[in-house]
Each structure stands twice: as structure tokens, then as C-alpha cells.
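Structure data (mmCIF, C-alpha atoms) from model.cif:
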data_start
#
loop_
_atom_site.label_atom_id
_atom_site.label_comp_id
_atom_site.auth_asym_id
_atom_site.auth_seq_id
_atom_site.Cartn_x
_atom_site.Cartn_y
_atom_site.Cartn_z
CA MET K 27 11.69 -15.57 16.64
CA ASN K 28 8.94 -15.14 14.05
CA ILE K 29 7.08 -11.97 13.13
CA GLU K 30 4.10 -12.66 15.39
CA GLU K 31 6.40 -13.16 18.35
CA ILE K 32 8.38 -10.01 17.59
CA ASN K 33 5.15 -8.03 17.27
CA SER K 34 3.68 -9.30 20.50
CA ARG K 35 6.90 -8.69 22.41
CA PHE K 36 7.90 -5.29 21.07
CA ALA K 37 5.02 -3.47 19.35
CA GLY K 38 3.25 -0.69 21.19
CA HIS K 39 5.78 -0.15 23.99
CA VAL K 40 7.59 3.18 24.35
CA PHE K 41 11.30 2.36 24.42
CA ASP K 42 12.90 5.77 24.18
CA LYS K 43 12.14 9.42 25.03
CA ILE K 44 13.91 12.62 24.13
CA ASP K 45 13.25 16.20 25.23
CA LEU K 46 14.19 19.31 23.33
CA LYS K 47 13.31 22.98 23.01
CA ILE K 48 12.27 24.25 19.60
CA LYS K 49 14.42 27.14 18.46
CA THR K 50 13.40 29.75 15.93
CA GLU K 51 16.64 29.43 13.93
CA SER K 52 16.11 25.70 13.59
CA MET K 53 12.53 26.15 12.33
CA VAL K 54 13.51 28.78 9.77
CA GLY K 55 16.65 26.93 8.68
CA TYR K 56 14.74 23.72 8.10
CA ALA K 57 11.96 25.49 6.21
CA LYS K 58 14.53 27.15 3.94
CA ALA K 59 16.31 23.84 3.37
CA CYS K 60 12.98 22.37 2.25
CA GLY K 61 12.50 25.18 -0.24
CA GLU K 62 9.54 26.56 1.66
CA THR K 63 8.37 30.02 0.62
CA GLU K 64 5.34 30.67 2.84
CA PRO K 65 5.94 33.47 5.40
CA ARG K 66 4.25 31.55 8.22
CA PHE K 67 7.12 29.03 8.01
CA LEU K 68 9.91 31.55 7.41
CA ASP K 69 9.06 34.76 9.24
CA PRO K 70 9.30 34.54 13.05
CA GLU K 71 7.20 37.70 13.28
CA HIS K 72 4.34 36.19 11.30
CA PRO K 73 1.25 35.83 13.55
CA ASP K 74 0.93 32.15 12.60
CA PHE K 75 4.66 31.32 12.61
CA GLN K 76 5.13 27.56 12.93
CA ALA K 77 7.41 24.71 11.88
CA VAL K 78 6.93 23.13 8.45
CA PRO K 79 4.83 19.96 8.75
CA ASN K 80 7.79 17.65 8.08
CA TYR K 81 9.96 19.34 10.71
CA PRO K 82 9.64 16.44 13.19
CA THR K 83 11.30 14.07 10.71
CA ARG K 84 14.63 15.75 11.51
CA ILE K 85 14.39 14.69 15.15
CA HIS K 86 15.81 11.34 16.16
CA GLY K 87 15.73 9.58 19.50
CA THR K 88 18.68 8.12 21.31
CA ARG K 89 18.20 4.70 19.75
CA GLY K 90 16.58 3.34 16.60
CA LEU K 91 15.26 0.05 17.93
CA PRO K 92 14.50 -1.33 21.39
CA GLU K 93 17.12 -3.09 23.42
CA ASP K 94 17.28 -6.82 22.62
CA PHE K 95 15.35 -6.29 19.38
CA PRO K 96 16.07 -9.40 17.29
CA ILE K 97 16.71 -7.54 14.03
CA ASP K 98 20.06 -5.85 13.54
CA MET K 99 19.52 -2.24 12.49
CA ARG K 100 22.81 -2.27 10.60
CA ARG K 101 21.19 -4.71 8.15
CA CYS K 102 18.20 -2.42 7.55
CA PHE K 103 17.82 0.44 5.12
CA ASP K 104 15.56 3.46 5.24
CA ALA K 105 12.23 2.85 3.51
CA GLY K 106 10.87 6.35 4.08
CA LYS K 107 9.02 8.44 6.62
CA SER K 108 5.46 9.69 6.81
CA VAL K 109 4.24 12.49 9.03
CA THR K 110 0.81 13.13 10.47
CA LEU K 111 0.60 16.61 11.91
CA HIS K 112 -1.88 17.03 14.74
CA THR K 113 -1.01 20.48 16.13
CA PRO K 114 1.45 23.08 14.78
CA ILE K 115 4.89 23.18 16.40
CA ARG K 116 5.66 26.69 17.66
CA LYS K 117 8.86 28.48 18.60
CA GLY K 118 9.82 27.91 22.18
CA ASP K 119 7.82 24.70 22.48
CA GLN K 120 9.39 22.24 24.89
CA ILE K 121 8.70 18.98 23.13
CA GLN K 122 9.08 15.35 23.98
CA GLY K 123 9.48 12.59 21.38
CA ARG K 124 8.41 9.10 22.43
CA SER K 125 9.54 6.16 20.31
CA GLU K 126 7.76 2.86 19.93
CA ILE K 127 7.65 0.04 17.43
CA ALA K 128 4.23 0.43 15.82
CA GLU K 129 4.29 -2.66 13.65
CA ILE K 130 6.48 -5.29 12.12
CA TYR K 131 5.23 -6.93 8.94
CA GLU K 132 6.36 -9.00 6.01
CA LYS K 133 5.79 -8.57 2.31
CA THR K 134 7.12 -10.06 -0.87
CA GLY K 135 8.34 -8.32 -3.98
CA ARG K 136 10.60 -8.77 -6.98
CA SER K 137 13.61 -9.12 -4.72
CA GLY K 138 11.99 -11.68 -2.45
CA ALA K 139 10.64 -11.52 1.09
CA MET K 140 11.21 -8.43 3.21
CA ILE K 141 10.60 -7.44 6.80
CA PHE K 142 9.33 -3.93 7.50
CA ILE K 143 9.72 -2.34 10.90
CA VAL K 144 7.62 0.75 11.59
CA HIS K 145 9.40 2.93 14.15
CA ARG K 146 6.80 5.46 15.37
CA MET K 147 7.72 8.65 17.14
CA ASN K 148 4.95 10.67 18.77
CA PHE K 149 5.68 14.27 19.70
CA TYR K 150 4.04 16.22 22.51
CA ASN K 151 4.50 19.80 23.72
CA GLN K 152 4.82 21.23 27.24
CA ASN K 153 1.01 21.04 27.63
CA ASP K 154 1.05 17.40 26.55
CA ALA K 155 -0.74 18.35 23.32
CA HIS K 156 -0.11 15.78 20.61
CA LEU K 157 1.90 17.56 17.93
CA ALA K 158 2.83 14.95 15.36
CA THR K 159 3.31 11.29 14.56
CA VAL K 160 6.24 10.23 12.43
CA ASP K 161 6.30 6.70 11.05
CA TRP K 162 9.77 5.70 9.95
CA ARG K 163 9.91 2.48 7.97
CA LEU K 164 12.99 0.32 8.04
CA VAL K 165 13.31 -2.66 5.75
CA GLN K 166 15.55 -5.67 5.57
CA ARG K 167 15.58 -8.85 3.53
CA GLU K 168 13.85 -11.82 5.11
CA LEU K 169 15.04 -13.04 8.49
CA ALA K 170 18.00 -15.36 8.25
CA MET B 4 -17.74 -1.09 -19.48
CA ILE B 5 -14.06 -0.64 -18.62
CA LEU B 6 -12.64 -1.06 -15.12
CA ASP B 7 -9.09 -0.91 -13.85
CA LEU B 8 -9.08 -4.03 -11.67
CA HIS B 9 -5.79 -3.48 -9.87
CA THR B 10 -5.08 -0.25 -7.98
CA HIS B 11 -3.63 0.72 -4.61
CA SER B 12 -4.41 3.73 -2.46
CA ILE B 13 -2.69 5.11 0.62
CA ALA B 14 -4.39 2.31 2.54
CA SER B 15 -1.57 0.12 1.20
CA ASP B 16 1.82 0.62 2.84
CA ASP B 17 3.43 1.47 -0.49
CA GLY B 18 0.48 3.32 -2.03
CA ARG B 19 0.85 7.07 -2.54
CA ALA B 20 -2.48 7.85 -4.19
CA LYS B 21 -5.61 9.12 -2.52
CA VAL B 22 -8.80 7.70 -3.98
CA GLU B 23 -10.23 11.14 -4.67
CA ASN B 24 -7.07 12.04 -6.58
CA TYR B 25 -7.52 8.95 -8.78
CA CYS B 26 -11.04 10.19 -9.57
CA GLN B 27 -9.81 13.70 -10.33
CA TRP B 28 -7.08 12.32 -12.60
CA ILE B 29 -9.52 10.13 -14.53
CA GLN B 30 -11.80 13.11 -15.03
CA ARG B 31 -9.07 15.60 -15.91
CA LYS B 32 -7.34 13.28 -18.37
CA ALA B 33 -10.66 12.00 -19.73
CA LEU B 34 -9.47 8.43 -19.25
CA PRO B 35 -11.86 5.89 -20.76
CA LEU B 36 -12.49 4.22 -17.40
CA ASP B 37 -15.90 3.63 -15.87
CA GLY B 38 -14.36 2.82 -12.53
CA PHE B 39 -11.66 0.98 -10.67
CA VAL B 40 -11.11 -1.61 -7.99
CA LEU B 41 -8.92 -0.93 -4.95
CA THR B 42 -6.85 -4.02 -4.26
CA GLU B 43 -4.96 -3.13 -1.10
CA HIS B 44 -1.98 -5.26 -0.12
CA ARG B 45 -2.52 -8.02 2.46
CA GLN B 46 -5.74 -6.55 3.81
CA PHE B 47 -9.32 -5.69 3.04
CA ASP B 48 -10.18 -2.05 3.62
CA GLU B 49 -13.50 -2.51 5.36
CA ALA B 50 -13.81 1.00 6.72
CA SER B 51 -13.56 3.24 3.67
CA ASP B 52 -16.77 4.35 1.99
CA TYR B 53 -16.42 5.79 -1.50
CA ARG B 54 -20.09 6.24 -2.39
CA GLY B 55 -19.73 10.02 -2.22
CA LEU B 56 -16.87 9.93 -4.72
CA GLU B 57 -18.79 7.55 -6.96
CA ASP B 58 -21.66 10.03 -7.13
CA LYS B 59 -19.43 13.06 -7.54
CA PHE B 60 -17.34 11.61 -10.36
CA GLY B 61 -19.75 9.13 -11.93
CA LEU B 62 -17.36 6.22 -11.36
CA LEU B 63 -17.78 2.75 -9.94
CA ILE B 64 -15.32 2.26 -7.06
CA LEU B 65 -15.09 -1.25 -5.65
CA LYS B 66 -12.92 -2.79 -2.95
CA ALA B 67 -10.96 -6.04 -3.17
CA SER B 68 -7.60 -7.33 -1.91
CA GLU B 69 -4.18 -8.42 -3.11
CA VAL B 70 -3.00 -11.31 -0.98
CA GLU B 71 0.29 -13.19 -1.04
CA THR B 72 0.84 -16.90 -1.57
CA GLU B 73 3.73 -19.25 -2.13
CA TYR B 74 2.97 -18.92 -5.87
CA GLY B 75 2.98 -15.13 -5.82
CA HIS B 76 0.40 -12.40 -5.45
CA VAL B 77 -3.30 -12.94 -6.02
CA LEU B 78 -6.18 -10.50 -6.45
CA VAL B 79 -9.31 -11.51 -4.59
CA PHE B 80 -12.62 -10.02 -5.70
CA GLY B 81 -15.75 -10.42 -3.61
CA VAL B 82 -14.11 -10.43 -0.18
CA ASN B 83 -16.64 -11.10 2.55
CA GLU B 84 -16.72 -12.02 6.22
CA ASN B 85 -16.51 -15.74 5.54
CA LEU B 86 -13.47 -15.37 3.33
CA ARG B 87 -11.71 -13.13 5.84
CA ALA B 88 -12.26 -15.79 8.47
CA ALA B 89 -10.93 -18.50 6.17
CA PHE B 90 -7.32 -17.29 6.03
CA ASP B 91 -5.02 -14.55 7.25
CA PHE B 92 -4.80 -11.86 4.58
CA ALA B 93 -1.66 -10.42 6.22
CA ARG B 94 0.42 -13.58 5.77
CA ILE B 95 2.87 -13.85 2.90
CA ASP B 96 2.81 -17.64 2.70
CA ASN B 97 -0.83 -18.51 2.17
CA PRO B 98 -1.15 -21.65 0.02
CA LEU B 99 -2.46 -20.69 -3.42
CA SER B 100 -4.64 -23.80 -3.66
CA MET B 101 -6.32 -22.84 -0.39
CA VAL B 102 -6.85 -19.21 -1.47
CA LEU B 103 -8.42 -20.37 -4.73
CA ALA B 104 -10.63 -22.98 -3.06
CA GLU B 105 -11.75 -20.78 -0.17
CA SER B 106 -12.49 -17.89 -2.49
CA LYS B 107 -14.69 -20.13 -4.59
CA ARG B 108 -16.41 -21.57 -1.52
CA CYS B 109 -17.14 -18.09 -0.18
CA GLY B 110 -18.51 -16.75 -3.46
CA ALA B 111 -15.41 -14.75 -4.36
CA VAL B 112 -12.95 -15.13 -7.20
CA ALA B 113 -9.15 -15.27 -6.93
CA VAL B 114 -6.96 -14.18 -9.83
CA PRO B 115 -3.16 -14.47 -9.77
CA CYS B 116 -1.71 -11.11 -10.74
CA HIS B 117 1.47 -10.18 -12.60
CA PRO B 118 2.13 -13.92 -13.23
CA GLY B 119 5.28 -13.20 -15.20
CA ARG B 120 6.97 -11.26 -12.42
CA PRO B 121 9.97 -12.90 -10.73
CA LYS B 122 9.45 -14.12 -7.14
CA VAL B 123 5.87 -12.83 -6.84
CA GLY B 124 4.32 -14.16 -10.05
CA LEU B 125 2.69 -17.51 -10.75
CA CYS B 126 4.70 -18.65 -13.78
CA ALA B 127 8.11 -19.14 -12.20
CA HIS B 128 6.62 -21.01 -9.25
CA TRP B 129 4.46 -23.11 -11.58
CA GLU B 130 7.66 -24.31 -13.26
CA VAL B 131 9.36 -25.19 -9.99
CA ARG B 132 6.54 -26.30 -7.70
CA GLY B 133 4.19 -27.72 -10.31
CA PRO B 134 0.62 -26.95 -11.38
CA VAL B 135 -2.11 -25.84 -9.02
CA GLU B 136 -5.73 -26.80 -9.48
CA GLY B 137 -8.34 -24.07 -9.54
CA VAL B 138 -6.70 -21.30 -11.55
CA HIS B 139 -9.27 -20.00 -14.04
CA ALA B 140 -8.08 -16.47 -14.72
CA VAL B 141 -4.84 -14.48 -14.53
CA GLU B 142 -3.84 -10.87 -15.02
CA THR B 143 -2.15 -10.80 -18.41
CA LEU B 144 -1.82 -7.04 -18.63
CA ASN B 145 -0.24 -5.48 -15.55
CA GLY B 146 0.89 -1.87 -15.59
CA GLY B 147 3.90 -2.54 -13.37
CA SER B 148 5.34 -5.30 -15.54
CA ARG B 149 8.75 -5.16 -17.11
CA GLU B 150 9.52 -6.29 -20.64
CA GLY B 151 8.55 -9.90 -21.23
CA GLU B 152 6.49 -10.34 -18.07
CA ASN B 153 3.06 -9.70 -19.57
CA GLU B 154 4.06 -11.74 -22.58
CA GLN B 155 4.86 -14.71 -20.35
CA ALA B 156 1.54 -14.29 -18.56
CA LEU B 157 -0.27 -14.30 -21.89
CA GLU B 158 1.61 -17.40 -22.99
CA TYR B 159 0.45 -19.25 -19.87
CA ALA B 160 -3.11 -18.00 -20.21
CA ASN B 161 -3.28 -19.19 -23.79
CA LYS B 162 -1.63 -22.51 -22.98
CA PHE B 163 -4.01 -23.34 -20.15
CA GLY B 164 -7.11 -21.56 -21.44
CA TRP B 165 -7.32 -19.14 -18.53
CA ASN B 166 -9.47 -16.04 -18.65
CA GLN B 167 -7.58 -12.76 -18.78
CA ILE B 168 -7.87 -9.50 -16.91
CA GLY B 169 -5.92 -6.26 -16.96
CA GLY B 170 -5.05 -3.70 -14.32
CA SER B 171 -2.65 -0.83 -13.85
CA ASP B 172 -1.25 -1.95 -10.47
CA SER B 173 -1.06 1.78 -9.84
CA HIS B 174 0.46 3.07 -6.63
CA ILE B 175 0.57 6.69 -7.78
CA VAL B 176 -2.22 8.72 -9.34
CA SER B 177 -0.84 9.10 -12.86
CA HIS B 178 -0.52 5.34 -13.37
CA ILE B 179 -4.20 4.50 -13.14
CA GLY B 180 -5.72 3.13 -16.33
CA ARG B 181 -2.47 1.99 -17.93
CA TYR B 182 -4.23 -1.34 -18.39
CA ALA B 183 -7.79 -2.33 -17.64
CA THR B 184 -10.51 -4.92 -18.22
CA ARG B 185 -13.44 -4.55 -20.57
CA PHE B 186 -16.76 -6.15 -19.70
CA LYS B 187 -19.63 -6.85 -22.04
CA LYS B 188 -22.17 -6.05 -19.38
CA ASN B 189 -22.73 -2.92 -17.33
CA LEU B 190 -21.61 -3.65 -13.75
CA THR B 191 -22.91 -1.90 -10.68
CA SER B 192 -21.60 -3.98 -7.80
CA MET B 193 -18.94 -6.41 -6.64
CA ASP B 194 -21.45 -9.24 -7.10
CA ASP B 195 -21.75 -8.29 -10.77
CA LEU B 196 -17.98 -8.20 -11.10
CA VAL B 197 -17.52 -11.61 -9.49
CA ALA B 198 -20.17 -13.09 -11.79
CA GLU B 199 -18.53 -11.69 -14.92
CA LEU B 200 -15.05 -12.76 -13.87
CA THR B 201 -16.27 -16.22 -12.95
CA ASN B 202 -17.89 -16.61 -16.35
CA GLY B 203 -14.97 -15.10 -18.20
CA ARG B 204 -17.05 -12.44 -19.91
CA CYS B 205 -14.20 -9.94 -20.00
CA GLU B 206 -10.96 -9.09 -21.76
CA ALA B 207 -7.71 -7.43 -20.78
CA ILE B 208 -7.14 -4.20 -22.67
CA ARG B 209 -4.93 -1.16 -22.96
CA PRO B 210 -7.40 1.74 -22.83
CA GLU B 211 -7.20 4.14 -25.73
CA VAL B 212 -6.35 7.54 -24.30
CA SER B 213 -7.36 10.61 -26.23
CA ARG B 214 -4.33 12.86 -26.88
CA THR B 215 -6.35 15.95 -27.73
#
What does this structure look like when you write it as C-alpha cells?
Amino acid sequence: MNIEEINSRFAGHVFDKIDLKIKTESMVGYAKACGETEPRFLDPEHPDFQAVPNYPTRIHGTRGLPEDFPIDMRRCFDAGKSVTLHTPIRKGDQIQGRSEIAEIYEKTGRSGAMIFIVHRMNFYNQNDAHLATVDWRLVQRELA
Amino acid sequence: MILDLHTHSIASDDGRAKVENYCQWIQRKALPLDGFVLTEHRQFDEASDYRGLEDKFGLLILKASEVETEYGHVLVFGVNENLRAAFDFARIDNPLSMVLAESKRCGAVAVPCHPGRPKVGLCAHWEVRGPVEGVHAVETLNGGSREGENEQALEYANKFGWNQIGGSDSHIVSHIGRYATRFKKNLTSMDDLVAELTNGRCEAIRPEVSRT
């Protein structure tokens, strides 16, 4: 299966959902671990208390790639995550993360051809407000 | 006039620099650049408009592309609708001869970049696959090159009489201006740049940075 075929078959379809409640301890603990010093990220009594922007990167779904995906995740390595924050995540939010494959693309570099898989996770709260988008890039050497 | 002809912004998948931050860095460090060209990977960034930044910082900011071929990566200056219809910028296996010919046909100019780099540079493929007609210029000074790579590029350029350009290949703000291209004429547009590159009225340089 070539890249165009993989894209047309898998990109843009939600293949996994997870639900979780955001706990204050988790927000504060993560902010501290990131070295954050701003009270709005550390003090639950702060009027604008919210999760640090990269908080959603700590949340994973139940699977990394769709069922029957033709690339073996065990052959991939992590090529980084980027976060776009749309709405602050607040304590007590009941959030849902929805995973999809946003894009699969090829590029070439010093080490040869590589395949990049962009695993996108969109997060929504109990009011279905869009909280954040996390793009997680996975990379593997060219398809065998 | 000095332009960095090879830069990447966050529009590229591996770029970490915002265009405004490049401008701020050039200003703050008093880099001897009059502008730069954004050469995003495997795409042409049609949507972005940097005229406001040009006015604010007094820089020329142009848009081009870095495409991929079986002979390595190639900068394409003067991308237009016809050229975008001629081949798929996202592919990694575009034939170099086609990219060169189509660029010329569409009024653009294609310049193989970092030719001395393994796998994605022209020189190694030239040895294995043979010569390609239509190469007139190469990037002999690339800011991302390792030892010996720019030297090999220069050797090829001298051997075949190719024109030479320079660019930082920056993906982060602080790398802009590591290498650049000096033009005899004052340029104000992509058309001007294509004309000067086509006629070879330029030279690859390492900009002198004031340490004061």
C-alpha cells in the first residue's frame, strides 16, 4: 500500500475515544513537573486556575494507530508533539479525546526516506467546547 | 543587496521559527541581511502575507519552495500557478530533469541545494546516476552542512561552471544569516530575484556579523 492509499483509507477518521475527568492534583502536579511558576497554573484558588497549555500531551488514547493500519507502530519512534490550545482546561472538566490520523507523508533526509504519521487528538469538554489539538508525529524509515 | 535564500518557518513540518521572530532576530543582532526567502519543504505557502513585516522591519521577505527529487533537494524560486500544476510538490521522487525543465518553462529557476549532503544532495547521485541537463546553479554555502559538504558542492560548481548561491537552511531563529547570497542589483520582488539568479549575477557569501 502506498502513501496515497494509506492517506485515503485512514486519514480524517476518528478511530479511538477516551473520556476522563480533570483532577486538580493532576493539573498542579503536571504544572510543577514542567517547572511552571505562574499561580494560575499552580494555585487551585486562583480565579483563572487552568491546566498548563501542554497538559493534553500527557493524555493517551487506548491505541496509537487504527486497527489494520499497515505500518507497525513498534517500528516507529516519537518525532515530537505540538499543541494548539483553543480553550483553557479547567478543574472538574469532563473531557473527551478523539484520535484520528491527520496525515501521512514522506520526506527525505541524511538518513534516507522516512514516513511520518501525524496522530491527531482533539479534546472537548462536557459542553463540547474544543479545548485543544495535539499532533503527535511518529516516524519510521521508508516502507519495506 | 544580501538575501538569505534558504530558510524555513513553522509552515514546514520541521521548522520551529516564526517569520516575525526571524525579523526580530535580524534587527536585534544587526545582521547584514536585506531580507530572506522562505523555502518551505514540499509545498508553496500561498496563504501567508508578510507585507506588514516587510514594512515594519524594512526587510524583503519572499516565498519559494524546497522540493525533493531523485537527485536530492532543490530550491525553486518563482513558483507560480503553472509550475504548481506541472508537478506534485509533496512528492519525494520528482525527477530532477523535469523539475529543472518545468521551472524554466514556467519562468522560475530551480537550484539544487546542499549538493554535498549524503542522500539528499546532488553530488552523490550525480556520481551514481549520471549527469542531468539543465543545472545552472547550486547552493555552495549551506548553513546546515557538515564538514566537507560545502567544499564538495564548490568543487562541482567550479568543475561544471555553475552559478553559486548561499543560504542558512535555518529551521530555528538563531540560524538565519549563517550564509547568504549577495546581489549586485537592488531586488524588490521575486521576478527580480529570478532574473538575477538566471543571469548568475550573484555570489554565495558568509555575511560579516558585527561583534560589537
- Task: Expand the PyMOL selection byres ((chain K) within 6 of (chain B)) into the individual residues it matches in the shown file, reporting them as a ChimeraX atom specification.
- Result: /K:135-136,138
- Message: Please determine, counting all atoms listed in the file, which residue among K:Gly38, K:Asp69, K:Arg167, K:Asn80 has the shortest atom-to-atom distance to Tyr56 (chain K).
- Response: K:Asn80
- Message: To test your reading of the syntax: which residues would the PyMOL selection byres ((chain K and resi 89) around 12) return for the file shown? Reply as number ranges by chain.
- Response: K: 40-44, 85-88, 90-95, 99, 123-127, 145, 147
Dump as a PDB file, in the coordinates of the input, selection limited to C-alpha atoms:
ATOM      1  CA  VAL K  40       7.590   3.180  24.350  1.00  0.00           C
ATOM      2  CA  PHE K  41      11.300   2.360  24.420  1.00  0.00           C
ATOM      3  CA  ASP K  42      12.900   5.770  24.180  1.00  0.00           C
ATOM      4  CA  LYS K  43      12.140   9.420  25.030  1.00  0.00           C
ATOM      5  CA  ILE K  44      13.910  12.620  24.130  1.00  0.00           C
ATOM      6  CA  ILE K  85      14.390  14.690  15.150  1.00  0.00           C
ATOM      7  CA  HIS K  86      15.810  11.340  16.160  1.00  0.00           C
ATOM      8  CA  GLY K  87      15.730   9.580  19.500  1.00  0.00           C
ATOM      9  CA  THR K  88      18.680   8.120  21.310  1.00  0.00           C
ATOM     10  CA  GLY K  90      16.580   3.340  16.600  1.00  0.00           C
ATOM     11  CA  LEU K  91      15.260   0.050  17.930  1.00  0.00           C
ATOM     12  CA  PRO K  92      14.500  -1.330  21.390  1.00  0.00           C
ATOM     13  CA  GLU K  93      17.120  -3.090  23.420  1.00  0.00           C
ATOM     14  CA  ASP K  94      17.280  -6.820  22.620  1.00  0.00           C
ATOM     15  CA  PHE K  95      15.350  -6.290  19.380  1.00  0.00           C
ATOM     16  CA  MET K  99      19.520  -2.240  12.490  1.00  0.00           C
ATOM     17  CA  GLY K 123       9.480  12.590  21.380  1.00  0.00           C
ATOM     18  CA  ARG K 124       8.410   9.100  22.430  1.00  0.00           C
ATOM     19  CA  SER K 125       9.540   6.160  20.310  1.00  0.00           C
ATOM     20  CA  GLU K 126       7.760   2.860  19.930  1.00  0.00           C
ATOM     21  CA  ILE K 127       7.650   0.040  17.430  1.00  0.00           C
ATOM     22  CA  HIS K 145       9.400   2.930  14.150  1.00  0.00           C
ATOM     23  CA  MET K 147       7.720   8.650  17.140  1.00  0.00           C
TER      24      MET K 147
END
- Message: Evaluated on this file, the PyMOL selection byres ((chain B and resi 139) around 7) picks out some residues - which ones are they, written as a PyMOL selection string?
- Response: chain B and resi 137-138+140+165-166
- Polymer residues at most 9 Å from Pro114 (chain K), only C-alpha atoms, same-chain spacing of 4 or more positions, as a list of chain:residue names: K:Gln76, K:Ala77, K:Val78, K:Pro79, K:Leu157, K:Ala158
- What is the distance between CA of Tyr159 (chain B) and CA of Val102 (chain B), in Å to one decimal?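 Distance between the two atoms: 19.8 Å.
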Since fewer atoms than expected are present, regenerate N, CA and C atoms for region 54-70 of chain K and write them as a PDB file, in the frame of the given file.
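Writing done, so here's part13.pdb:
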ATOM      1  N   VAL K  54      13.325  28.019  11.017  1.00  0.00           N
ATOM      2  CA  VAL K  54      13.510  28.780   9.770  1.00  0.00           C
ATOM      3  C   VAL K  54      14.525  28.077   8.863  1.00  0.00           C
ATOM      4  N   GLY K  55      15.607  27.605   9.462  1.00  0.00           N
ATOM      5  CA  GLY K  55      16.650  26.930   8.680  1.00  0.00           C
ATOM      6  C   GLY K  55      16.103  25.688   7.986  1.00  0.00           C
ATOM      7  N   TYR K  56      15.288  24.938   8.696  1.00  0.00           N
ATOM      8  CA  TYR K  56      14.740  23.720   8.100  1.00  0.00           C
ATOM      9  C   TYR K  56      13.754  24.055   6.983  1.00  0.00           C
ATOM     10  N   ALA K  57      12.928  25.068   7.234  1.00  0.00           N
ATOM     11  CA  ALA K  57      11.960  25.490   6.210  1.00  0.00           C
ATOM     12  C   ALA K  57      12.676  25.929   4.937  1.00  0.00           C
ATOM     13  N   LYS K  58      13.752  26.696   5.111  1.00  0.00           N
ATOM     14  CA  LYS K  58      14.530  27.150   3.940  1.00  0.00           C
ATOM     15  C   LYS K  58      15.136  25.963   3.203  1.00  0.00           C
ATOM     16  N   ALA K  59      15.674  25.021   3.970  1.00  0.00           N
ATOM     17  CA  ALA K  59      16.310  23.840   3.370  1.00  0.00           C
ATOM     18  C   ALA K  59      15.305  23.028   2.558  1.00  0.00           C
ATOM     19  N   CYS K  60      14.034  23.101   2.971  1.00  0.00           N
ATOM     20  CA  CYS K  60      12.980  22.370   2.250  1.00  0.00           C
ATOM     21  C   CYS K  60      12.464  23.146   1.047  1.00  0.00           C
ATOM     22  N   GLY K  61      12.951  24.370   0.888  1.00  0.00           N
ATOM     23  CA  GLY K  61      12.500  25.180  -0.240  1.00  0.00           C
ATOM     24  C   GLY K  61      11.178  25.881   0.030  1.00  0.00           C
ATOM     25  N   GLU K  62      10.816  25.953   1.292  1.00  0.00           N
ATOM     26  CA  GLU K  62       9.540  26.560   1.660  1.00  0.00           C
ATOM     27  C   GLU K  62       9.567  28.062   1.363  1.00  0.00           C
ATOM     28  N   THR K  63       8.428  28.591   0.930  1.00  0.00           N
ATOM     29  CA  THR K  63       8.370  30.020   0.620  1.00  0.00           C
ATOM     30  C   THR K  63       7.291  30.762   1.423  1.00  0.00           C
ATOM     31  N   GLU K  64       6.443  30.013   2.111  1.00  0.00           N
ATOM     32  CA  GLU K  64       5.340  30.670   2.840  1.00  0.00           C
ATOM     33  C   GLU K  64       5.864  31.398   4.078  1.00  0.00           C
ATOM     34  N   PRO K  65       5.449  32.662   4.258  1.00  0.00           N
ATOM     35  CA  PRO K  65       5.940  33.470   5.400  1.00  0.00           C
ATOM     36  C   PRO K  65       5.657  32.829   6.765  1.00  0.00           C
ATOM     37  N   ARG K  66       4.553  32.115   6.898  1.00  0.00           N
ATOM     38  CA  ARG K  66       4.250  31.550   8.220  1.00  0.00           C
ATOM     39  C   ARG K  66       5.274  30.510   8.658  1.00  0.00           C
ATOM     40  N   PHE K  67       6.071  29.990   7.683  1.00  0.00           N
ATOM     41  CA  PHE K  67       7.120  29.030   8.010  1.00  0.00           C
ATOM     42  C   PHE K  67       8.503  29.688   8.088  1.00  0.00           C
ATOM     43  N   LEU K  68       8.599  30.906   7.542  1.00  0.00           N
ATOM     44  CA  LEU K  68       9.910  31.550   7.410  1.00  0.00           C
ATOM     45  C   LEU K  68      10.086  32.805   8.264  1.00  0.00           C
ATOM     46  N   ASP K  69       8.984  33.459   8.559  1.00  0.00           N
ATOM     47  CA  ASP K  69       9.060  34.760   9.240  1.00  0.00           C
ATOM     48  C   ASP K  69       8.657  34.620  10.722  1.00  0.00           C
ATOM     49  N   PRO K  70       9.616  34.704  11.626  1.00  0.00           N
ATOM     50  CA  PRO K  70       9.300  34.540  13.050  1.00  0.00           C
ATOM     51  C   PRO K  70       8.311  35.572  13.576  1.00  0.00           C
TER      52      PRO K  70
END
